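K.L.:
Below is a structure I'd like to ask you about.
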Amino acid sequence: MPRSVRLVVPAAAALLAFSLALTGTGCDGGVHGTPGSPGVHDPYFPQAGNGGYHVEHYALTLDYTPSGRRLTGTAVITARALQDLSAFDLDLAGLHVDSVTVEGRRAPFGRSGQELTVRPHTDLNAGETFRTTVRYSGVPQTLTDPDGSKEGWLPTSDGALGLGEPVGSMAWFPGNHHPSDKAAYDITVTVPKGLQAVSNGELAGRRTQGGRTSYHWHTAQPMASYLATVAVGHFTLARTTGPHGLPILTAVAPDQAKDSADVLAQLPGIVKWEEDNFGPFPFSSVGAIVTGEGDAGYALETQNRPTFPGAPDTGTVVHELAHQWYGDSVTPKSWQDMWLNEGFATYAQWLWQEDHDGDSAQKIFTDLYNGDDDGIWAYPPAKPSGAAHISDSPVYERGAMVLHKIRQKVGDKGFFALLRSWPASHRYGNADTADFTTYVEKQFPGTDFTGIWRDWLYGNGKPAHA
């Protein structure tokens with residue numbers, strides 16, 4: 001229900017005033033801007049994200065009590081206007097909005113579905129940096145993806161887990177929730193004393209007062225909101241170092257400590273192997289969050305510190321850490337480009353097997369091609385058949401097969417150079433499939449990739465020849 005925090009007037013008059021404000025005919029005068037779009041027209045999640053601005057920094061201050069599942073939050077969002085703005089939207093699912101200010105002044109706001117529409121007191125000029133503060137509270141929602149998996153805010157036996165792919169982050173903080181808009185983060189979470197709150201980046205501060213402990217996590221490198229996480233519960237925190245002194249921090253649920261010990265001990269070696277293949281690690285720390293076995297139905301490449309539901313195996317760790325290059329540092333422009341995440345991470349697993357006395361990538365490729373899993377050929381990697389299928393096997397396995405076809409075409413020397421140069425050239429940015437194919441063609445001038453793009457990347461059905 002639309003509501004104004006600037007004026008106390010009858011409901012009908014408030015609604016009219018808010019509508020007039022959004023159309024640029026309000027009382028502030030000198031109106032020249034237009035509202036930013038509610039959604040960025042993603043082909044699979046058209047309501048995700050918002051137009052008209054770019055977020056530069058999120059400062060999230062959260063207070064959570066597991067016994068009542070109540071979250072109280074303040075989000076300070078620093079953004080830059082990309083056009084003259086008379087209003088803009090934030091994505092927020094559920095929760096009660098207590099107040100909104102823009103540059104310290106109360107701003108009218110309205111709610112419709114996941115859209116929180118904000119009307120600044122005065123228009124924002126293109127290029128202007130502005131700060132929006134949203135105070136909110138309530139019981140955060142667990143969302144169900146089109147494929148049936150759960151995301152958003154997942155209650156656990158002793159706390160909660162915030163996971164965001166593809167749109168779950170809007171269940172616990174307002175923002176521009178689309179992978180095309182990346183920002184730095186400071187996340188401070190206050191929980192009852194005795195519990196831990198783990199997030200992305202580095203632990204910048206910890207304080208206990210009045211029976212509650214606050215944890216402040218800082219992420220300096222740009223991060224898409226779907227990669228942000230908060231894990232609240234009982235965890236054992238351990239610190240060590242990886243290659244060239246890279247800090248490693250792991251947070252492990254006590255009942256998973258024994259089963260996780262061996263694979264987590266491999267983290268420095270896995271990071272070193274991936275740096276040898278993919279280039280320098282793109283972030284300032286690395287690690288893992290291992291939650292209870294039933295806390296989520298999947299592992300996720302949450303930035304710096306992937307999240308695993310229960311003790312992971314080595315292949316899964318290799319996969320999620322490979323995402324730090326392919327998906328986290330170089331992030332898709334839209335959810336149609338998921339294969340740029342999953343195809344690379346899956347191929348990393350193939351390479352790990354190849355280098356560690358397992359099957360060669362060629363054998364894995366051949367076995368998949370000759371196998372009886374017709375699901376691999378259900379749709380081309382670059383054109384998933386719908387939102388419910390962006391994480392199906394054509395994106396993962398057939399996406400990896402596209403990369404193997406490139407390897408066959410250009411040879412190992414050129415291919416492994418490509419594995420390093422692609423994430424280096426798009427470090428901390430976004431890319432789509434067209435960016436990738438154009439980049440490959442420029443790296444190998446005179447090489448004809450037409451058949452690979454036509455038959456393996458965009459073609460329907462099983463290619464006639466492996």
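Identifiers in this document derive from the order of the structure tokens: chains are assigned A, B, ..., residues are numbered from 1 separately in each chain, and ligands are numbered from 1 in order of occurrence.
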If you count only C-alpha atoms, which residues fall within 12 Å of A:Ala48, apart from same-chain ones fewer than 5 positions away, as a tab-separated table (two decimals) with N, CA, C and O atoms, in the first residue's frame?
P.N.:
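Written out: out21.tsv:
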```tsv
chain	number	residue	atom	x	y	z
A	37	SER	N	13.26	3.21	-14.43
A	37	SER	CA	12.40	2.08	-14.75
A	37	SER	C	12.38	1.06	-13.61
A	37	SER	O	13.40	0.81	-12.97
A	38	PRO	N	11.21	0.45	-13.34
A	38	PRO	CA	11.12	-0.62	-12.34
A	38	PRO	C	11.47	-1.96	-12.97
A	38	PRO	O	10.61	-2.69	-13.45
A	39	GLY	N	12.74	-2.28	-13.00
A	39	GLY	CA	13.21	-3.48	-13.68
A	39	GLY	C	14.11	-3.10	-14.84
A	39	GLY	O	13.97	-2.03	-15.42
A	40	VAL	N	15.05	-3.99	-15.16
A	40	VAL	CA	15.99	-3.72	-16.26
A	40	VAL	C	15.72	-4.62	-17.45
A	40	VAL	O	16.55	-4.76	-18.33
A	41	HIS	N	14.53	-5.23	-17.47
A	41	HIS	CA	14.08	-6.03	-18.62
A	41	HIS	C	14.98	-7.25	-18.85
A	41	HIS	O	15.26	-7.62	-20.00
A	42	ASP	N	15.43	-7.86	-17.76
A	42	ASP	CA	16.16	-9.11	-17.90
A	42	ASP	C	15.25	-10.12	-18.60
A	42	ASP	O	14.06	-10.21	-18.30
A	43	PRO	N	15.78	-10.91	-19.54
A	43	PRO	CA	14.91	-11.82	-20.30
A	43	PRO	C	14.24	-12.90	-19.45
A	43	PRO	O	13.22	-13.47	-19.87
A	89	ASP	N	13.28	3.19	-8.14
A	89	ASP	CA	12.80	2.00	-7.45
A	89	ASP	C	13.95	1.25	-6.80
A	89	ASP	O	15.09	1.28	-7.28
A	90	LEU	N	13.61	0.55	-5.73
A	90	LEU	CA	14.47	-0.44	-5.11
A	90	LEU	C	13.70	-1.75	-5.04
A	90	LEU	O	12.47	-1.74	-4.94
A	91	ASP	N	14.40	-2.87	-5.11
A	91	ASP	CA	13.75	-4.18	-4.99
A	91	ASP	C	13.75	-4.59	-3.52
A	91	ASP	O	14.79	-4.61	-2.86
A	92	LEU	N	12.57	-4.93	-3.00
A	92	LEU	CA	12.44	-5.40	-1.62
A	92	LEU	C	11.19	-6.27	-1.53
A	92	LEU	O	10.08	-5.81	-1.80
A	93	ALA	N	11.39	-7.53	-1.17
A	93	ALA	CA	10.28	-8.48	-1.05
A	93	ALA	C	9.86	-8.59	0.41
A	93	ALA	O	10.67	-8.93	1.27
A	113	GLY	N	4.23	-5.01	-4.99
A	113	GLY	CA	5.00	-6.22	-5.19
A	113	GLY	C	6.39	-6.05	-4.62
A	113	GLY	O	6.57	-5.64	-3.48
A	114	GLN	N	7.41	-6.37	-5.43
A	114	GLN	CA	8.79	-6.23	-4.96
A	114	GLN	C	9.34	-4.83	-5.16
A	114	GLN	O	10.50	-4.57	-4.79
A	115	GLU	N	8.55	-3.93	-5.70
A	115	GLU	CA	9.03	-2.58	-6.00
A	115	GLU	C	8.78	-1.63	-4.83
A	115	GLU	O	7.65	-1.46	-4.37
A	165	GLU	N	20.87	-16.10	-5.10
A	165	GLU	CA	20.81	-16.36	-6.54
A	165	GLU	C	19.48	-17.03	-6.91
A	165	GLU	O	19.16	-18.08	-6.35
A	166	PRO	N	18.71	-16.45	-7.84
A	166	PRO	CA	19.03	-15.23	-8.60
A	166	PRO	C	18.53	-13.93	-7.97
A	166	PRO	O	19.11	-12.87	-8.20
A	167	VAL	N	17.43	-13.95	-7.20
A	167	VAL	CA	16.85	-12.69	-6.73
A	167	VAL	C	16.57	-12.69	-5.22
A	167	VAL	O	15.86	-11.84	-4.72
A	168	GLY	N	17.16	-13.62	-4.47
A	168	GLY	CA	16.80	-13.77	-3.07
A	168	GLY	C	17.28	-12.68	-2.15
A	168	GLY	O	16.74	-12.52	-1.05
A	169	SER	N	18.29	-11.91	-2.56
A	169	SER	CA	18.80	-10.88	-1.66
A	169	SER	C	17.76	-9.82	-1.34
A	169	SER	O	17.83	-9.17	-0.29
A	170	MET	N	16.77	-9.65	-2.21
A	170	MET	CA	15.74	-8.65	-1.92
A	170	MET	C	14.86	-9.07	-0.75
A	170	MET	O	14.05	-8.27	-0.28
A	174	PRO	N	16.91	-3.91	0.80
A	174	PRO	CA	16.49	-3.24	-0.43
A	174	PRO	C	17.70	-2.89	-1.28
A	174	PRO	O	18.76	-2.55	-0.77
A	175	GLY	N	17.53	-2.97	-2.61
A	175	GLY	CA	18.65	-2.64	-3.47
A	175	GLY	C	18.31	-2.77	-4.93
A	175	GLY	O	17.16	-2.98	-5.32
A	176	ASN	N	19.33	-2.64	-5.74
A	176	ASN	CA	19.21	-2.80	-7.18
A	176	ASN	C	19.64	-4.23	-7.50
A	176	ASN	O	20.80	-4.50	-7.83
A	177	HIS	N	18.70	-5.15	-7.37
A	177	HIS	CA	19.04	-6.57	-7.33
A	177	HIS	C	19.05	-7.21	-8.72
A	177	HIS	O	18.17	-7.99	-9.08
A	178	HIS	N	20.09	-6.87	-9.45
A	178	HIS	CA	20.35	-7.48	-10.75
A	178	HIS	C	21.85	-7.58	-10.90
A	178	HIS	O	22.59	-6.69	-10.45
A	179	PRO	N	22.36	-8.67	-11.51
A	179	PRO	CA	23.82	-8.84	-11.57
A	179	PRO	C	24.55	-7.75	-12.33
A	179	PRO	O	25.78	-7.61	-12.17
A	180	SER	N	23.85	-6.98	-13.15
A	180	SER	CA	24.51	-5.93	-13.92
A	180	SER	C	24.93	-4.74	-13.07
A	180	SER	O	25.68	-3.88	-13.55
A	181	ASP	N	24.47	-4.65	-11.82
A	181	ASP	CA	24.82	-3.52	-10.96
A	181	ASP	C	25.58	-4.03	-9.75
A	181	ASP	O	25.00	-4.66	-8.86
A	225	SER	N	24.63	-8.27	-5.99
A	225	SER	CA	23.89	-8.51	-4.75
A	225	SER	C	23.55	-9.98	-4.55
A	225	SER	O	23.42	-10.43	-3.41
A	226	TYR	N	23.43	-10.75	-5.63
A	226	TYR	CA	23.10	-12.16	-5.44
A	226	TYR	C	24.25	-12.95	-4.81
A	226	TYR	O	24.06	-14.08	-4.34
A	334	SER	N	23.25	-10.40	-17.76
A	334	SER	CA	21.88	-10.83	-17.51
A	334	SER	C	21.90	-12.31	-17.17
A	334	SER	O	22.90	-13.00	-17.36
A	335	TRP	N	20.75	-12.79	-16.69
A	335	TRP	CA	20.69	-14.21	-16.30
A	335	TRP	C	20.69	-15.13	-17.51
A	335	TRP	O	20.85	-16.34	-17.37
```
K.L.:
Select from stretch 351-428 of chain A every residue with an atom at most 10 Å from any atom of stretch 439-458 of chain A, then for each give the shortest pair of atoms and their distance in Å to one decimal, using only C-alpha atoms, rows by chain and rising number, as a tab-separated table.
P.N.:
```
residue	atom	partner	partner_atom	distance
A:Trp377	CA	A:Trp456	CA	9.5
A:Tyr379	CA	A:Tyr458	CA	8.4
A:Pro380	CA	A:Tyr458	CA	5.1
A:Pro381	CA	A:Leu457	CA	5.7
A:Ala382	CA	A:Tyr458	CA	5.8
A:Lys383	CA	A:Tyr458	CA	6.7
A:Pro384	CA	A:Tyr458	CA	9.8
A:Pro394	CA	A:Leu457	CA	9.7
A:Val395	CA	A:Leu457	CA	9.8
A:Arg398	CA	A:Trp456	CA	7.7
A:Gly399	CA	A:Leu457	CA	7.5
A:Met401	CA	A:Trp456	CA	7.8
A:Val402	CA	A:Trp456	CA	5.9
A:Leu403	CA	A:Ile452	CA	9.4
A:Lys405	CA	A:Ile452	CA	6.9
A:Ile406	CA	A:Ile452	CA	7.5
A:Lys409	CA	A:Phe449	CA	8.1
A:Val410	CA	A:Phe444	CA	7.7
A:Gly414	CA	A:Phe444	CA	8.2
A:Phe415	CA	A:Val440	CA	9.7
A:Ala417	CA	A:Gln443	CA	9.6
A:Leu418	CA	A:Val440	CA	7.8
A:Ser421	CA	A:Gln443	CA	9.4
A:Trp422	CA	A:Tyr439	CA	7.8
A:Ser425	CA	A:Tyr439	CA	9.5
```
K.L.:
Please write the residues from the selection above to a file, keeping C-alpha atoms, as a compact mmCIF listing (two decimals), in the first residue's frame.
P.N.:
```txt
# COMPACT_ATOMS: atom_id res chain seq x y z
CA TRP A 377 20.75 -31.16 -25.47
CA TYR A 379 18.39 -26.19 -25.24
CA PRO A 380 21.56 -24.29 -26.19
CA PRO A 381 23.72 -22.93 -23.33
CA ALA A 382 23.34 -19.31 -24.48
CA LYS A 383 19.54 -19.53 -24.72
CA PRO A 384 17.99 -21.28 -21.70
CA PRO A 394 22.87 -27.51 -20.80
CA VAL A 395 24.21 -24.47 -18.92
CA ARG A 398 27.13 -28.30 -22.41
CA GLY A 399 28.56 -24.93 -21.43
CA MET A 401 31.63 -28.63 -23.79
CA VAL A 402 31.65 -25.28 -25.63
CA LEU A 403 34.90 -24.44 -23.87
CA LYS A 405 35.51 -27.23 -28.42
CA ILE A 406 37.43 -23.95 -28.23
CA LYS A 409 40.24 -25.50 -32.04
CA VAL A 410 43.06 -23.32 -30.66
CA GLY A 414 46.11 -20.66 -26.67
CA PHE A 415 43.29 -22.07 -24.59
CA ALA A 417 46.10 -18.25 -22.14
CA LEU A 418 42.42 -17.52 -22.78
CA SER A 421 43.16 -13.31 -20.13
CA TRP A 422 39.33 -13.40 -20.21
CA SER A 425 40.35 -8.22 -19.21
```
K.L.:
To one decimal place in Å, what is the distance between atom CA of A:Leu124 and atom CA of A:Pro222?
P.N.:
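So the answer is 23.8 Å.
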K.L.:
Set the distance at 10 Å and use only C-alpha atoms: which residues neighbour stretch 359-369 of chain A once local chain neighbours fewer than 5 positions away are removed? I'd like the list as a VMD selection string.
P.N.:
chain A and resid 347 to 354 374 376 to 377 397 to 398 400 to 402 404 to 405 407 to 408 462 to 463 465 to 466
K.L.:
Could you name the residues that touch A:Val118 at 7 Å or less, counting only C-alpha atoms, but leaving out those on the same chain fewer than 5 positions away, as an NGL selection string?
P.N.:
:A and (87-89 or 107-110)
K.L.:
Report as JSON lines: every residue of stretch 172-268 of chain A with an atom at most 12 Å from stretch 146-154 of chain A, its closest pair of atoms, and their distance in Å to one decimal, counting only C-alpha atoms, with rows sorted by chain and ascending residue number.
P.N.:
```
{"residue": "A:Trp172", "atom": "CA", "partner": "A:Trp153", "partner_atom": "CA", "distance": 6.6}
{"residue": "A:Phe173", "atom": "CA", "partner": "A:Gly152", "partner_atom": "CA", "distance": 9.9}
{"residue": "A:Ser225", "atom": "CA", "partner": "A:Gly152", "partner_atom": "CA", "distance": 11.5}
{"residue": "A:Tyr226", "atom": "CA", "partner": "A:Gly152", "partner_atom": "CA", "distance": 9.5}
{"residue": "A:Leu227", "atom": "CA", "partner": "A:Gly152", "partner_atom": "CA", "distance": 11.5}
{"residue": "A:Ala228", "atom": "CA", "partner": "A:Gly152", "partner_atom": "CA", "distance": 10.7}
{"residue": "A:Thr229", "atom": "CA", "partner": "A:Gly152", "partner_atom": "CA", "distance": 9.6}
{"residue": "A:Val230", "atom": "CA", "partner": "A:Trp153", "partner_atom": "CA", "distance": 9.0}
{"residue": "A:Ala231", "atom": "CA", "partner": "A:Leu154", "partner_atom": "CA", "distance": 9.5}
{"residue": "A:Val232", "atom": "CA", "partner": "A:Leu154", "partner_atom": "CA", "distance": 10.2}
{"residue": "A:Gly233", "atom": "CA", "partner": "A:Leu154", "partner_atom": "CA", "distance": 11.9}
```
K.L.:
Please produce a file of those selected residues containing C-alpha atoms, as a short mmCIF file (atom, residue, chain, number, x, y, z; two decimals), in the first residue's frame.
P.N.:
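Okay, this is what ended up in again.cif:
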```cif
data_model
loop_
_atom_site.label_atom_id
_atom_site.label_comp_id
_atom_site.auth_asym_id
_atom_site.auth_seq_id
_atom_site.Cartn_x
_atom_site.Cartn_y
_atom_site.Cartn_z
CA TRP A 172 16.68 -9.18 3.43
CA PHE A 173 17.77 -5.80 2.09
CA SER A 225 23.89 -8.51 -4.75
CA TYR A 226 23.10 -12.16 -5.44
CA LEU A 227 26.60 -13.00 -4.15
CA ALA A 228 26.08 -11.28 -0.78
CA THR A 229 25.46 -13.57 2.15
CA VAL A 230 24.86 -13.59 5.88
CA ALA A 231 25.16 -16.78 7.94
CA VAL A 232 23.98 -16.57 11.56
CA GLY A 233 24.52 -19.45 13.96
#
```
K.L.:
List every residue of stretch 257-379 of chain A that DSSP, applied to the backbone, labels as helix (DSSP H, G or I), and write the result as a PyMOL selection string.
P.N.:
chain A and resi 257-265+267-278+314-322+335-337+339-355+361-370+374-377
K.L.:
Give me the residues near A:Ala424 as a PyMOL selection string, where near means some atom within 10 Å (using only C-alpha atoms) and where sequence neighbours in that chain fewer than 5 positions away do not count.
P.N.:
chain A and resi 278-280+282+325+329-330+418-419+429
K.L.:
Include N, CA, C and O atoms and write out the residues we just selected as an mmCIF file, in the first residue's frame.
P.N.:
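After the write, result_26.cif holds the following:
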```cif
data_model
loop_
_atom_site.group_PDB
_atom_site.id
_atom_site.type_symbol
_atom_site.label_atom_id
_atom_site.label_comp_id
_atom_site.auth_asym_id
_atom_site.auth_seq_id
_atom_site.Cartn_x
_atom_site.Cartn_y
_atom_site.Cartn_z
ATOM 1 N N PHE A 278 44.014 -19.748 -13.879
ATOM 2 C CA PHE A 278 43.082 -18.657 -14.165
ATOM 3 C C PHE A 278 43.646 -17.268 -13.889
ATOM 4 O O PHE A 278 43.010 -16.273 -14.200
ATOM 5 N N GLY A 279 44.831 -17.193 -13.283
ATOM 6 C CA GLY A 279 45.413 -15.903 -12.963
ATOM 7 C C GLY A 279 45.289 -15.591 -11.484
ATOM 8 O O GLY A 279 44.712 -16.345 -10.708
ATOM 9 N N PRO A 280 45.831 -14.456 -11.040
ATOM 10 C CA PRO A 280 45.809 -14.101 -9.617
ATOM 11 C C PRO A 280 44.394 -14.085 -9.048
ATOM 12 O O PRO A 280 43.447 -13.678 -9.723
ATOM 13 N N PRO A 282 41.147 -12.912 -7.563
ATOM 14 C CA PRO A 282 40.662 -11.551 -7.786
ATOM 15 C C PRO A 282 40.258 -10.773 -6.543
ATOM 16 O O PRO A 282 40.003 -9.571 -6.649
ATOM 17 N N TRP A 325 36.558 -16.219 -10.133
ATOM 18 C CA TRP A 325 37.002 -15.597 -11.388
ATOM 19 C C TRP A 325 35.817 -15.449 -12.360
ATOM 20 O O TRP A 325 35.607 -14.375 -12.906
ATOM 21 N N SER A 329 34.035 -12.142 -10.144
ATOM 22 C CA SER A 329 34.806 -11.030 -10.684
ATOM 23 C C SER A 329 34.242 -10.593 -12.035
ATOM 24 O O SER A 329 33.952 -9.417 -12.243
ATOM 25 N N VAL A 330 34.080 -11.540 -12.960
ATOM 26 C CA VAL A 330 33.406 -11.256 -14.234
ATOM 27 C C VAL A 330 31.977 -11.785 -14.103
ATOM 28 O O VAL A 330 31.761 -12.995 -14.055
ATOM 29 N N LEU A 418 43.768 -18.097 -22.793
ATOM 30 C CA LEU A 418 42.421 -17.525 -22.784
ATOM 31 C C LEU A 418 41.794 -17.618 -21.392
ATOM 32 O O LEU A 418 41.127 -16.680 -20.941
ATOM 33 N N LEU A 419 41.996 -18.735 -20.696
ATOM 34 C CA LEU A 419 41.442 -18.895 -19.354
ATOM 35 C C LEU A 419 41.936 -17.812 -18.396
ATOM 36 O O LEU A 419 41.235 -17.445 -17.453
ATOM 37 N N GLY A 429 34.036 -6.510 -13.686
ATOM 38 C CA GLY A 429 33.013 -5.963 -14.569
ATOM 39 C C GLY A 429 31.915 -6.963 -14.881
ATOM 40 O O GLY A 429 31.719 -7.956 -14.182
#
```
